[in-house]
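Have a look at the structure below, then the notes.
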Amino acid sequence: EYLEKDPRGIKGDPVKGKEIFTKANCIKCHKYGTEGEGIGPDLTTLSKRFKRGEVLESILVPSKVISDQYRSSTIFTVDGRSFTGLAAEQGGMITILLQDGSKSTIKAGDIESRYASLISVMPEKLLDALTREEIADLFVYTESAVPEKK
């Protein structure tokens, strides 16, 4: 409700929101315009597809609804290691984007088992370190006009 109509009239600043996009680590996995990584869903047209409440719920409870395109895997290796994250295979190697934004690469032949995970690779509590003003800035940034490519 706060994001829809704040009694203090906090409007949000898209310039500050761009900084928050980096501070909150959104940029590590998401693209907005030409900024960021295309590992997770592209947020460029987010505000045209979803209401603020839906977006907020996805940030607060990322495992509630996970698109098959972004479903993470839990991988167990023959030497006893385990990884949970977004997995992409290329040339007999599997690269796994872990929840902290880091990547691990293993040989496909080293996998003992692999399961679809019910846990989103997107961490919970991403907004906990932000103020209400910063959250408003972030939302205004992701709803602002995307700079045209030059």
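Convention: chains lettered A, B, ... in structure tokens order; per-chain residue numbering from 1; ligands numbered from 1 as shown.
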Using DSSP assignments from the backbone, pull out every residue in chain A that falls under helix (DSSP H, G or I) and give it to me as a count of residues only.
44
Contacts of Ser47 (chain A) within 12 Å, only C-alpha atoms, excl. fewer than 2 positions in-chain, as a ChimeraX atom specification:
/A:32,42-45,49-56,139-146
Going by DSSP on the backbone, which bits of region 62-125 of chain A are strand (DSSP E or B)? Write them as a VMD selection string, please.
chain A and resid 73 to 77 82 to 90 93 to 98 103 to 107 111 to 116
Selection near Gly91 (chain A), 10 Å with only C-alpha atoms, sequence-local residues under 2 positions removed, as number ranges by chain:
A: 89, 93-94, 107-108
Nearest residue to Thr74 (chain A) from the set A:Arg114, A:Lys125, A:Arg132, A:Lys11 (distances using only C-alpha atoms)
A:Arg114
Fewer than 4 positions away in the same chain doesn't count, so skip those; otherwise give me all residues within 7 Å of Ser104 (chain A), counting only C-alpha atoms, as an MDAnalysis selection string.
chainID A and resid 95:97
Residues within 6 Å of region 61-70 of chain A, only C-alpha atoms, excluding chain neighbours under 2 positions, as number ranges by chain
A: 57-59, 119-120
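Across A:Ala129, A:Ala116, A:Met122, A:Val15, the tightest approach to Pro41 (chain A) is made by A:Met122 when counting only C-alpha atoms.
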Write out as a tab-separated table (two decimals) with all heavy atoms, in the first residue's frame each polymer residue whose atoms come within 6 Å of Glu112 (chain A), counting only C-alpha atoms; drop sequence neighbours fewer than 2 positions from it.
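Result file around.tsv:
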chain	number	residue	atom	x	y	z
A	76	PHE	N	24.32	-32.15	-7.47
A	76	PHE	CA	25.26	-32.86	-6.61
A	76	PHE	C	26.32	-33.48	-7.50
A	76	PHE	O	26.02	-34.10	-8.51
A	76	PHE	CB	24.54	-33.96	-5.81
A	76	PHE	CG	23.52	-33.41	-4.85
A	76	PHE	CD1	22.18	-33.33	-5.21
A	76	PHE	CD2	23.89	-32.97	-3.59
A	76	PHE	CE1	21.24	-32.82	-4.34
A	76	PHE	CE2	22.97	-32.46	-2.71
A	76	PHE	CZ	21.63	-32.38	-3.09
A	77	THR	N	27.59	-33.30	-7.13
A	77	THR	CA	28.69	-33.83	-7.93
A	77	THR	C	29.16	-35.16	-7.35
A	77	THR	O	28.88	-35.49	-6.19
A	77	THR	CB	29.88	-32.85	-7.96
A	77	THR	OG1	30.36	-32.66	-6.64
A	77	THR	CG2	29.47	-31.52	-8.58
A	78	VAL	N	29.89	-35.90	-8.15
A	78	VAL	CA	30.39	-37.21	-7.73
A	78	VAL	C	31.37	-37.10	-6.56
A	78	VAL	O	31.54	-38.04	-5.79
A	78	VAL	CB	31.04	-37.99	-8.90
A	78	VAL	CG1	30.00	-38.40	-9.91
A	78	VAL	CG2	32.14	-37.20	-9.56
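Interatomic distance, CA of Glu134 (chain A) to CA of Gly12 (chain A): 7.6 Å.
CA of Leu60 (chain A) is found 17.5 Å from CA of Lys28 (chain A).
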Calculate how many Å separate CA of Asp110 (chain A) from CA of Phe83 (chain A), rounding to one decimal.
12.3 Å
